[in-house]
Each structure stands twice: as C-alpha cells, then as structure tokens.
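> If it helps, the file is called input.pdb and holds PDB, C-alpha atoms:
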ATOM      1  CA  MET R   1      73.916 182.968  41.408
ATOM      2  CA  GLY R   2      71.180 183.952  38.994
ATOM      3  CA  ALA R   3      67.943 185.833  39.600
ATOM      4  CA  ASN R   4      66.025 184.972  42.838
ATOM      5  CA  GLY R   5      69.019 183.077  44.192
ATOM      6  CA  THR R   6      68.730 180.191  41.714
ATOM      7  CA  LYS R   7      71.902 178.555  40.481
ATOM      8  CA  ARG R   8      73.219 179.540  37.066
ATOM      9  CA  LEU R   9      74.966 177.505  34.372
ATOM     10  CA  ALA R  10      77.032 179.264  31.693
ATOM     11  CA  LEU R  11      78.209 177.243  28.705
ATOM     12  CA  VAL R  12      80.248 177.928  25.603
ATOM     13  CA  ALA R  13      79.224 175.785  22.618
ATOM     14  CA  SER R  14      82.059 176.047  20.106
ATOM     15  CA  LYS R  15      81.552 172.981  17.909
ATOM     16  CA  GLY R  16      79.120 172.337  15.099
ATOM     17  CA  THR R  17      79.302 168.588  14.654
ATOM     18  CA  LEU R  18      76.418 166.261  15.491
ATOM     19  CA  ASP R  19      78.238 164.545  18.368
ATOM     20  CA  GLN R  20      79.466 167.780  19.943
ATOM     21  CA  ALA R  21      76.067 169.442  19.662
ATOM     22  CA  TYR R  22      74.618 167.156  22.328
ATOM     23  CA  PRO R  23      76.640 168.013  25.467
ATOM     24  CA  PRO R  24      75.634 171.695  25.758
ATOM     25  CA  MET R  25      71.962 170.867  25.053
ATOM     26  CA  ILE R  26      71.931 167.987  27.550
ATOM     27  CA  LEU R  27      73.613 170.045  30.265
ATOM     28  CA  ALA R  28      71.408 173.101  29.758
ATOM     29  CA  SER R  29      68.152 171.105  29.682
ATOM     30  CA  THR R  30      69.227 169.200  32.804
ATOM     31  CA  ALA R  31      70.028 172.479  34.559
ATOM     32  CA  LEU R  32      66.464 173.612  33.812
ATOM     33  CA  ALA R  33      65.096 170.367  35.221
ATOM     34  CA  MET R  34      66.888 171.120  38.487
ATOM     35  CA  GLY R  35      65.405 174.591  38.578
ATOM     36  CA  TRP R  36      68.610 176.372  37.568
ATOM     37  CA  GLU R  37      68.845 179.042  34.922
ATOM     38  CA  ALA R  38      71.201 178.557  32.001
ATOM     39  CA  GLY R  39      72.811 180.469  29.174
ATOM     40  CA  ILE R  40      74.823 179.244  26.202
ATOM     41  CA  PHE R  41      77.272 181.299  24.164
ATOM     42  CA  PHE R  42      77.328 179.846  20.639
ATOM     43  CA  THR R  43      80.595 180.681  18.960
ATOM     44  CA  PHE R  44      82.488 179.632  15.819
ATOM     45  CA  PHE R  45      80.979 176.448  14.352
ATOM     46  CA  GLY R  46      78.833 176.126  17.465
ATOM     47  CA  LEU R  47      76.744 178.936  16.006
ATOM     48  CA  ASN R  48      75.406 176.413  13.487
ATOM     49  CA  LEU R  49      73.280 175.057  16.346
ATOM     50  CA  LEU R  50      71.220 178.254  16.176
ATOM     51  CA  HIS R  51      71.248 178.514  12.376
ATOM     52  CA  LYS R  52      67.772 177.907  10.923
ATOM     53  CA  ASP R  53      69.008 175.971   7.877
ATOM     54  CA  ARG R  54      72.031 174.245   9.412
ATOM     55  CA  MET R  55      70.808 173.087  12.829
ATOM     56  CA  GLY R  56      68.855 170.168  11.376
ATOM     57  CA  ARG R  57      71.732 169.051   9.167
ATOM     58  CA  LEU R  58      74.633 168.596  11.559
ATOM     59  CA  GLN R  59      77.110 165.916  10.604
ATOM     60  CA  VAL R  60      79.911 163.854  12.097
ATOM     61  CA  SER R  61      83.033 162.854  10.147
ATOM     62  CA  PRO R  62      85.027 159.614  10.385
ATOM     63  CA  ILE R  63      88.201 161.436   9.257
ATOM     64  CA  GLY R  64      90.748 162.029  11.999
ATOM     65  CA  ASN R  65      88.307 160.574  14.487
ATOM     66  CA  PRO R  66      89.822 157.394  15.944
ATOM     67  CA  ALA R  67      87.002 157.166  18.488
ATOM     68  CA  MET R  68      84.423 156.602  15.746
ATOM     69  CA  PRO R  69      82.903 153.137  16.288
ATOM     70  CA  PRO R  70      83.524 150.519  13.560
ATOM     71  CA  PRO R  71      80.734 150.109  10.995
ATOM     72  CA  LEU R  72      80.412 146.392  11.829
ATOM     73  CA  PRO R  73      80.300 145.932  15.614
ATOM     74  CA  GLN R  74      81.348 142.259  15.298
ATOM     75  CA  PHE R  75      84.718 143.402  13.859
ATOM     76  CA  PRO R  76      85.880 146.069  16.331
ATOM     77  CA  ALA R  77      89.355 146.300  14.761
ATOM     78  CA  LEU R  78      87.943 147.168  11.320
ATOM     79  CA  LYS R  79      87.548 150.887  11.665
ATOM     80  CA  VAL R  80      87.057 153.160   8.676
ATOM     81  CA  PRO R  81      90.595 154.138   7.553
ATOM     82  CA  ASN R  82      91.090 157.862   7.043
ATOM     83  CA  VAL R  83      91.721 157.413   3.302
ATOM     84  CA  VAL R  84      88.372 155.618   2.962
ATOM     85  CA  GLY R  85      86.734 158.315   5.086
ATOM     86  CA  MET R  86      87.820 160.804   2.426
ATOM     87  CA  LEU R  87      85.580 159.213  -0.190
ATOM     88  CA  PRO R  88      82.415 161.097  -1.117
ATOM     89  CA  GLY R  89      79.445 160.054   0.995
ATOM     90  CA  MET R  90      81.462 158.807   3.962
ATOM     91  CA  THR R  91      80.569 161.751   6.185
ATOM     92  CA  ALA R  92      76.913 161.239   5.308
ATOM     93  CA  MET R  93      77.280 157.559   6.136
ATOM     94  CA  ALA R  94      78.961 158.242   9.495
ATOM     95  CA  THR R  95      76.221 160.759  10.270
ATOM     96  CA  MET R  96      73.533 158.218   9.404
ATOM     97  CA  MET R  97      75.237 155.648  11.605
ATOM     98  CA  MET R  98      75.361 157.983  14.566
ATOM     99  CA  GLN R  99      71.792 159.146  14.000
ATOM    100  CA  GLY R 100      70.778 155.471  14.003
ATOM    101  CA  MET R 101      72.568 154.905  17.316
ATOM    102  CA  MET R 102      70.830 157.923  18.831
ATOM    103  CA  ASP R 103      67.401 156.822  17.561
ATOM    104  CA  LYS R 104      67.946 153.302  18.861
ATOM    105  CA  ALA R 105      68.776 154.699  22.295
ATOM    106  CA  LYS R 106      65.581 156.817  22.045
ATOM    107  CA  MET R 107      67.602 159.994  22.476
ATOM    108  CA  PRO R 108      65.861 163.219  21.522
ATOM    109  CA  SER R 109      67.312 165.096  18.553
ATOM    110  CA  VAL R 110      69.486 168.183  19.036
ATOM    111  CA  THR R 111      66.584 170.353  17.850
ATOM    112  CA  GLU R 112      64.196 168.722  20.298
ATOM    113  CA  LEU R 113      66.641 169.436  23.139
ATOM    114  CA  LEU R 114      67.028 172.997  21.890
ATOM    115  CA  ASP R 115      63.228 173.365  21.982
ATOM    116  CA  ILE R 116      63.253 172.246  25.631
ATOM    117  CA  CYS R 117      65.972 174.829  26.322
ATOM    118  CA  ILE R 118      63.973 177.569  24.608
ATOM    119  CA  GLU R 119      60.795 176.617  26.450
ATOM    120  CA  GLY R 120      62.694 176.755  29.738
ATOM    121  CA  GLY R 121      64.101 180.192  28.963
ATOM    122  CA  VAL R 122      67.766 179.328  28.363
ATOM    123  CA  GLU R 123      69.575 182.450  27.156
ATOM    124  CA  LEU R 124      70.964 181.841  23.688
ATOM    125  CA  PHE R 125      73.899 184.160  22.983
ATOM    126  CA  ALA R 126      74.918 184.250  19.324
ATOM    127  CA  CYS R 127      78.569 185.301  19.045
ATOM    128  CA  GLY R 128      78.655 188.569  17.103
ATOM    129  CA  THR R 129      82.228 188.015  15.970
ATOM    130  CA  THR R 130      81.333 184.647  14.440
ATOM    131  CA  MET R 131      78.358 186.235  12.687
ATOM    132  CA  GLY R 132      80.667 188.875  11.208
ATOM    133  CA  VAL R 133      83.425 186.434  10.216
ATOM    134  CA  MET R 134      81.079 183.890   8.665
ATOM    135  CA  GLY R 135      78.597 186.321   7.151
ATOM    136  CA  ILE R 136      75.711 185.076   9.273
ATOM    137  CA  GLU R 137      72.898 187.540   9.906
ATOM    138  CA  GLN R 138      70.272 187.691  12.635
ATOM    139  CA  LYS R 139      67.614 186.600  10.124
ATOM    140  CA  ASP R 140      69.587 183.368   9.512
ATOM    141  CA  LEU R 141      69.261 182.438  13.188
ATOM    142  CA  ILE R 142      66.272 181.322  15.200
ATOM    143  CA  PRO R 143      64.423 184.336  16.682
ATOM    144  CA  GLN R 144      65.398 183.433  20.271
ATOM    145  CA  ALA R 145      69.105 183.888  19.484
ATOM    146  CA  ARG R 146      70.457 187.184  20.803
ATOM    147  CA  CYS R 147      73.568 188.603  19.180
ATOM    148  CA  ALA R 148      76.178 189.347  21.843
ATOM    149  CA  GLY R 149      79.894 189.764  22.308
ATOM    150  CA  ALA R 150      82.307 188.160  24.736
ATOM    151  CA  THR R 151      81.766 191.033  27.166
ATOM    152  CA  ALA R 152      78.042 190.342  27.505
ATOM    153  CA  PHE R 153      78.642 186.617  27.937
ATOM    154  CA  LEU R 154      81.441 187.048  30.475
ATOM    155  CA  SER R 155      79.239 189.402  32.452
ATOM    156  CA  TYR R 156      76.537 186.687  32.455
ATOM    157  CA  ALA R 157      79.101 183.994  33.322
ATOM    158  CA  ALA R 158      80.547 186.083  36.155
ATOM    159  CA  ASP R 159      77.348 185.377  38.105
ATOM    160  CA  ALA R 160      77.322 181.668  37.189
ATOM    161  CA  ASP R 161      77.878 178.811  39.629
ATOM    162  CA  VAL R 162      79.034 176.438  36.889
ATOM    163  CA  SER R 163      80.813 177.416  33.662
ATOM    164  CA  MET R 164      82.073 175.101  30.947
ATOM    165  CA  PHE R 165      83.640 175.319  27.517
ATOM    166  CA  ILE R 166      82.489 172.683  25.045
TER
ATOM    167  CA  MET N   1      51.564 152.759  45.262
ATOM    168  CA  ALA N   2      52.121 153.369  48.976
ATOM    169  CA  THR N   3      55.621 154.236  50.133
ATOM    170  CA  GLU N   4      57.407 153.909  53.473
ATOM    171  CA  ALA N   5      56.288 157.396  54.343
ATOM    172  CA  GLY N   6      52.711 156.429  53.508
ATOM    173  CA  ILE N   7      52.573 158.845  50.592
ATOM    174  CA  LYS N   8      50.856 157.612  47.488
ATOM    175  CA  ALA N   9      52.390 158.614  44.177
ATOM    176  CA  VAL N  10      49.793 160.464  42.129
ATOM    177  CA  GLN N  11      51.644 159.920  38.877
ATOM    178  CA  THR N  12      53.889 157.210  37.460
ATOM    179  CA  LEU N  13      56.493 157.799  34.763
ATOM    180  CA  ASP N  14      57.814 154.889  32.779
ATOM    181  CA  CYS N  15      61.318 155.945  31.723
ATOM    182  CA  LYS N  16      62.601 152.430  31.145
ATOM    183  CA  GLY N  17      65.019 152.314  28.221
ATOM    184  CA  LEU N  18      65.499 156.093  28.232
ATOM    185  CA  LEU N  19      68.804 157.841  28.795
ATOM    186  CA  CYS N  20      69.919 161.099  30.380
ATOM    187  CA  PRO N  21      68.601 163.789  30.175
ATOM    188  CA  VAL N  22      65.122 162.481  29.266
ATOM    189  CA  PRO N  23      64.116 160.876  32.615
ATOM    190  CA  ILE N  24      65.077 163.931  34.675
ATOM    191  CA  ILE N  25      63.342 166.312  32.248
ATOM    192  CA  ARG N  26      60.158 164.223  32.419
ATOM    193  CA  LEU N  27      60.392 164.013  36.193
ATOM    194  CA  ALA N  28      60.868 167.777  36.560
ATOM    195  CA  LYS N  29      57.799 168.346  34.383
ATOM    196  CA  ALA N  30      55.734 165.880  36.402
ATOM    197  CA  ILE N  31      56.833 167.383  39.723
ATOM    198  CA  LYS N  32      55.678 170.789  38.493
ATOM    199  CA  SER N  33      52.265 169.321  37.652
ATOM    200  CA  VAL N  34      51.560 167.898  41.131
ATOM    201  CA  GLN N  35      50.838 169.761  44.376
ATOM    202  CA  PRO N  36      53.412 170.233  47.151
ATOM    203  CA  GLY N  37      53.191 167.170  49.398
ATOM    204  CA  GLU N  38      52.243 164.914  46.492
ATOM    205  CA  ALA N  39      54.653 162.410  44.993
ATOM    206  CA  VAL N  40      55.679 161.133  41.574
ATOM    207  CA  GLU N  41      56.900 157.618  40.908
ATOM    208  CA  MET N  42      59.479 156.938  38.203
ATOM    209  CA  LEU N  43      60.788 153.693  36.770
ATOM    210  CA  ALA N  44      64.097 153.758  34.905
ATOM    211  CA  THR N  45      66.747 151.360  33.676
ATOM    212  CA  ASP N  46      69.669 153.756  33.133
ATOM    213  CA  PRO N  47      72.130 153.053  35.995
ATOM    214  CA  GLY N  48      73.125 156.730  35.809
ATOM    215  CA  SER N  49      69.656 157.634  37.066
ATOM    216  CA  VAL N  50      70.566 156.504  40.614
ATOM    217  CA  PRO N  51      73.239 159.173  41.282
ATOM    218  CA  ASP N  52      71.195 161.594  39.147
ATOM    219  CA  MET N  53      68.132 161.227  41.358
ATOM    220  CA  GLU N  54      70.219 161.758  44.475
ATOM    221  CA  ALA N  55      71.651 164.915  42.891
ATOM    222  CA  TYR N  56      68.151 166.030  41.866
ATOM    223  CA  GLN N  57      67.062 165.773  45.504
ATOM    224  CA  LYS N  58      70.107 167.730  46.652
ATOM    225  CA  GLN N  59      69.659 170.475  44.070
ATOM    226  CA  THR N  60      65.875 170.903  44.192
ATOM    227  CA  GLY N  61      64.983 170.005  47.771
ATOM    228  CA  HIS N  62      62.247 167.620  46.590
ATOM    229  CA  VAL N  63      62.516 164.478  48.690
ATOM    230  CA  LEU N  64      63.536 161.129  47.264
ATOM    231  CA  LEU N  65      61.301 158.856  49.364
ATOM    232  CA  VAL N  66      62.094 155.622  47.543
ATOM    233  CA  ASN N  67      65.263 154.607  45.715
ATOM    234  CA  GLU N  68      65.214 150.875  45.120
ATOM    235  CA  LYS N  69      65.910 148.161  42.590
ATOM    236  CA  GLN N  70      62.757 146.543  41.268
ATOM    237  CA  GLY N  71      63.481 143.602  38.981
ATOM    238  CA  ASP N  72      65.560 144.928  36.099
ATOM    239  CA  ALA N  73      64.580 148.529  36.797
ATOM    240  CA  PHE N  74      65.133 151.201  39.398
ATOM    241  CA  ARG N  75      62.141 152.646  41.196
ATOM    242  CA  PHE N  76      62.100 156.145  42.584
ATOM    243  CA  VAL N  77      59.404 158.077  44.395
ATOM    244  CA  VAL N  78      59.919 161.822  44.717
ATOM    245  CA  LYS N  79      57.796 164.100  46.895
ATOM    246  CA  ARG N  80      57.344 167.700  45.848
ATOM    247  CA  THR N  81      58.179 169.917  48.794
ATOM    248  CA  LYS N  82      57.483 173.426  47.499
TER
END
Would you kindly transcribe this structure into structure tokens?


Amino acid sequence: MGANGTKRLALVASKGTLDQAYPPMILASTALAMGWEAGIFFTFFGLNLLHKDRMGRLQVSPIGNPAMPPPLPQFPALKVPNVVGMLPGMTAMATMMMQGMMDKAKMPSVTELLDICIEGGVELFACGTTMGVMGIEQKDLIPQARCAGATAFLSYAADADVSMFI
Amino acid sequence: MATEAGIKAVQTLDCKGLLCPVPIIRLAKAIKSVQPGEAVEMLATDPGSVPDMEAYQKQTGHVLLVNEKQGDAFRFVVKRTK
C-alpha cells in the first residue's frame, strides 16, 4: 500500500531494447490511470530508458531472436537468418520495421509513455551500481531520475501491492 | 447520449483503432476533468478494452454504466463517483 492507502506498483526495468522498453512504461502508465502510484527501478541496460541521449535511440536486433516477425508477411517461413542479421544495418532495419509496426498501431513512443509516467509522478530509480559500472553520471540522465541502490528500491517495493521484474 | 441509468455522458472519447494503454489513459484523464456524478462515454475497438474497463471499475470505484457492442466497436459509459 502506498501513501493515502492507494495501491502501489513496483517494477524493475532491466532491458534496454526497443521491444522490452514498452512493458514497464505501459504498466506504470496504466497503474497511474487506475489511481495507483508506481515506481520503476532502472537497472543494467534498462537504465538507457532514462539516459538523455540513448532513450530516443533504442533498437531491436534480429539476431538470436526467433520471435522476430518475417520482413515479408506473405512469406512467414522466410525469417531473417542469424548470419544475415549479422550484416551491418540489419539491426537498424529491424528497428525501423518495429517502429513502423508501432506507428501503424498508433502506439505512443517509449518517450511519450515516459512523459506520461513523469507527469503522473512515477518514481524513477536509477540504479547506482549500473551508473558506476557503465560510467553513467546523473547529468547524463533525465532530471527526474533519482540515483538509488537496491536497498532503497526494496524498501519501496516492500510496500507495493504488485511487483514485477522485466 | 442517455444511458439506462438516465445519466447523460458529458464527454465522448473516440478511441477506435487505439491499443492499450492509450484508451485507459485517455479515459482516466477525462474522468478527472468531469464532476462526480457525471459520465464519460468511450468508443473502442480493442477487444482487450472489455476486461480492462471492468478492471478499471473494480480498481477505481467509478461505475461502468454501459458496456455494449455497437457495430464494430465497443461502447462504454463510465460515471465518476468521487
């Protein structure tokens, strides 16, 4: 239970790819819509979601990703083989493809969802360990990000009604 | 538009073609903008919006007065309670 008896959602966002950036943002913004409070602990590559320069340039790779849809929908068996996915430009192409799918479905961008989260007061915990390991400083992150360790997040999550690791 | 309960929606949201979480975010914003006792109407095509609206009612206490299929869309009317 959060402040004033409202429900609380505590998420860990550990991945920095375009596809995996969506679930924490969707869940947190939905929690706000229901009147809950929410907090997200951004750790490892998930910290890129709070990084000023990197958050708008998230990518998705076709390599080692058998779930990636085929480039030509009329030939579902013709997926991008891993060796082809290794060629320069293939990650950019897969990213463009996914971005196109998202735009076609009129989905908001990750940054737009993050803006909704910020507006609604979602607590954005930036993992201090990740910052140290990857040489990321507070000035590299959006101003709403608050550097914290696992202790601070677990203390927040201890009062949560729903906790998830993404 | 009058509902079974005789409450007229003061606002209509067209969320046809939009996917989760956009309809629920727009609805939450609209509910905040109306007075308690007033209602908001929403049209959506995402089949996931049906269980989502029921969950929204359960979690927020705002009452789902109408939950029906209207042509190729779903029509919901939600009354703000508090």

> Can you pull out the residues contacting Ile26 in chain R? Cut-off 8 Å, using only C-alpha atoms, and skip same-chain residues under 2 positions away; I want them as a PyMOL selection string.

(chain R and resi 22-24+28-30+113) or (chain N and resi 20-21)

> Those same residues - C-alpha atoms - I'd like them written as a PDB file, keeping the file's coordinate frame.


ATOM      1  CA  TYR R  22      74.618 167.156  22.328  1.00  0.00           C
ATOM      2  CA  PRO R  23      76.640 168.013  25.467  1.00  0.00           C
ATOM      3  CA  PRO R  24      75.634 171.695  25.758  1.00  0.00           C
ATOM      4  CA  ALA R  28      71.408 173.101  29.758  1.00  0.00           C
ATOM      5  CA  SER R  29      68.152 171.105  29.682  1.00  0.00           C
ATOM      6  CA  THR R  30      69.227 169.200  32.804  1.00  0.00           C
ATOM      7  CA  LEU R 113      66.641 169.436  23.139  1.00  0.00           C
TER       8      LEU R 113
ATOM      9  CA  CYS N  20      69.919 161.099  30.380  1.00  0.00           C
ATOM     10  CA  PRO N  21      68.601 163.789  30.175  1.00  0.00           C
TER      11      PRO N  21
END

> For Leu27 in chain N, which residue among N:Asp46, N:Asn67, N:Lys58, N:Phe76 is the nearest when counting only C-alpha atoms?

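For Leu27 in chain N, the nearest of the given residues is N:Phe76.
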
> Which residues would end up in the selection if the ChimeraX specification (/R :<10) & /N were applied here, given that I need the answer as a list in words?

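This file gives the following for the ChimeraX specification (/R :<10) & /N: Gly17, Leu18, Leu19, Cys20, Pro21, Val22, Pro23, Ile24, Ile25, Arg26, Leu27, Ala28, Lys29, Ile31, Lys32, Ala55, Tyr56, Gln57, Lys58, Gln59, Thr60, Gly61 and His62 of chain N.
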
> What is the CA of Phe125 in chain R-CA of Asn4 in chain R distance in Å, reported with one decimal?

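Those two atoms sit 21.4 Å apart.
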
> Name the closest residue to Ala30 in chain N among the candidates N:Met53, N:Met42, N:Leu64, N:Gly71; distances are taken between atoms, counting only C-alpha atoms.

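Of the candidates, the smallest distance to Ala30 in chain N is held by N:Met42.
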
> Tell me, in Å to one decimal, how far CA of Ala38 in chain R is from CA of Ala126 in chain R.

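If I compute the distance from CA of Ala38 in chain R to CA of Ala126 in chain R, I get 14.4 Å.
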
> What's the separation between CA of Arg80 in chain N and CA of Gly39 in chain R, in Å to one decimal place?

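Atom-to-atom, CA of Arg80 in chain N to CA of Gly39 in chain R, that is 26.1 Å.
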
> Write a file for range 79-131 of chain R of the given structure; include C-alpha atoms and format it as a PDB file, in the first residue's frame.


ATOM      1  CA  LYS R  79      12.671 -15.153 -41.345  1.00  0.00           C
ATOM      2  CA  VAL R  80      15.945 -13.252 -41.263  1.00  0.00           C
ATOM      3  CA  PRO R  81      18.649 -15.912 -40.676  1.00  0.00           C
ATOM      4  CA  ASN R  82      21.070 -15.076 -37.880  1.00  0.00           C
ATOM      5  CA  VAL R  83      24.019 -14.867 -40.301  1.00  0.00           C
ATOM      6  CA  VAL R  84      22.129 -12.273 -42.364  1.00  0.00           C
ATOM      7  CA  GLY R  85      21.172 -10.455 -39.163  1.00  0.00           C
ATOM      8  CA  MET R  86      24.894 -10.014 -38.525  1.00  0.00           C
ATOM      9  CA  LEU R  87      25.309  -7.808 -41.584  1.00  0.00           C
ATOM     10  CA  PRO R  88      25.762  -4.087 -40.970  1.00  0.00           C
ATOM     11  CA  GLY R  89      22.467  -2.213 -40.977  1.00  0.00           C
ATOM     12  CA  MET R  90      20.294  -5.188 -40.051  1.00  0.00           C
ATOM     13  CA  THR R  91      19.664  -4.000 -36.502  1.00  0.00           C
ATOM     14  CA  ALA R  92      18.711  -0.590 -37.867  1.00  0.00           C
ATOM     15  CA  MET R  93      16.390  -2.282 -40.339  1.00  0.00           C
ATOM     16  CA  ALA R  94      14.733  -4.442 -37.662  1.00  0.00           C
ATOM     17  CA  THR R  95      14.325  -1.335 -35.512  1.00  0.00           C
ATOM     18  CA  MET R  96      12.732   0.550 -38.399  1.00  0.00           C
ATOM     19  CA  MET R  97      10.389  -2.361 -39.023  1.00  0.00           C
ATOM     20  CA  MET R  98       9.267  -2.479 -35.422  1.00  0.00           C
ATOM     21  CA  GLN R  99       8.929   1.297 -35.238  1.00  0.00           C
ATOM     22  CA  GLY R 100       6.732   1.078 -38.347  1.00  0.00           C
ATOM     23  CA  MET R 101       4.538  -1.561 -36.697  1.00  0.00           C
ATOM     24  CA  MET R 102       4.177   0.600 -33.596  1.00  0.00           C
ATOM     25  CA  ASP R 103       3.329   3.715 -35.635  1.00  0.00           C
ATOM     26  CA  LYS R 104       0.784   1.792 -37.686  1.00  0.00           C
ATOM     27  CA  ALA R 105      -0.902   0.617 -34.491  1.00  0.00           C
ATOM     28  CA  LYS R 106      -0.876   4.271 -33.305  1.00  0.00           C
ATOM     29  CA  MET R 107       1.118   3.303 -30.231  1.00  0.00           C
ATOM     30  CA  PRO R 108       2.792   6.144 -28.369  1.00  0.00           C
ATOM     31  CA  SER R 109       6.592   6.136 -28.359  1.00  0.00           C
ATOM     32  CA  VAL R 110       8.560   4.987 -25.309  1.00  0.00           C
ATOM     33  CA  THR R 111       9.455   8.621 -24.579  1.00  0.00           C
ATOM     34  CA  GLU R 112       5.829   9.694 -24.802  1.00  0.00           C
ATOM     35  CA  LEU R 113       4.883   6.971 -22.301  1.00  0.00           C
ATOM     36  CA  LEU R 114       7.762   8.039 -20.073  1.00  0.00           C
ATOM     37  CA  ASP R 115       6.428  11.615 -20.188  1.00  0.00           C
ATOM     38  CA  ILE R 116       3.029  10.338 -19.014  1.00  0.00           C
ATOM     39  CA  CYS R 117       4.793   8.481 -16.188  1.00  0.00           C
ATOM     40  CA  ILE R 118       6.725  11.595 -15.184  1.00  0.00           C
ATOM     41  CA  GLU R 119       3.607  13.755 -15.297  1.00  0.00           C
ATOM     42  CA  GLY R 120       1.821  11.242 -13.077  1.00  0.00           C
ATOM     43  CA  GLY R 121       4.655  11.218 -10.555  1.00  0.00           C
ATOM     44  CA  VAL R 122       6.090   7.736 -11.149  1.00  0.00           C
ATOM     45  CA  GLU R 123       9.260   7.352  -9.079  1.00  0.00           C
ATOM     46  CA  LEU R 124      12.203   6.748 -11.381  1.00  0.00           C
ATOM     47  CA  PHE R 125      15.011   4.956  -9.539  1.00  0.00           C
ATOM     48  CA  ALA R 126      18.308   4.956 -11.428  1.00  0.00           C
ATOM     49  CA  CYS R 127      20.430   2.006 -10.285  1.00  0.00           C
ATOM     50  CA  GLY R 128      23.593   3.430  -8.727  1.00  0.00           C
ATOM     51  CA  THR R 129      25.564   0.262  -9.384  1.00  0.00           C
ATOM     52  CA  THR R 130      24.764   0.409 -13.102  1.00  0.00           C
ATOM     53  CA  MET R 131      25.790   4.068 -13.178  1.00  0.00           C
TER      54      MET R 131
END
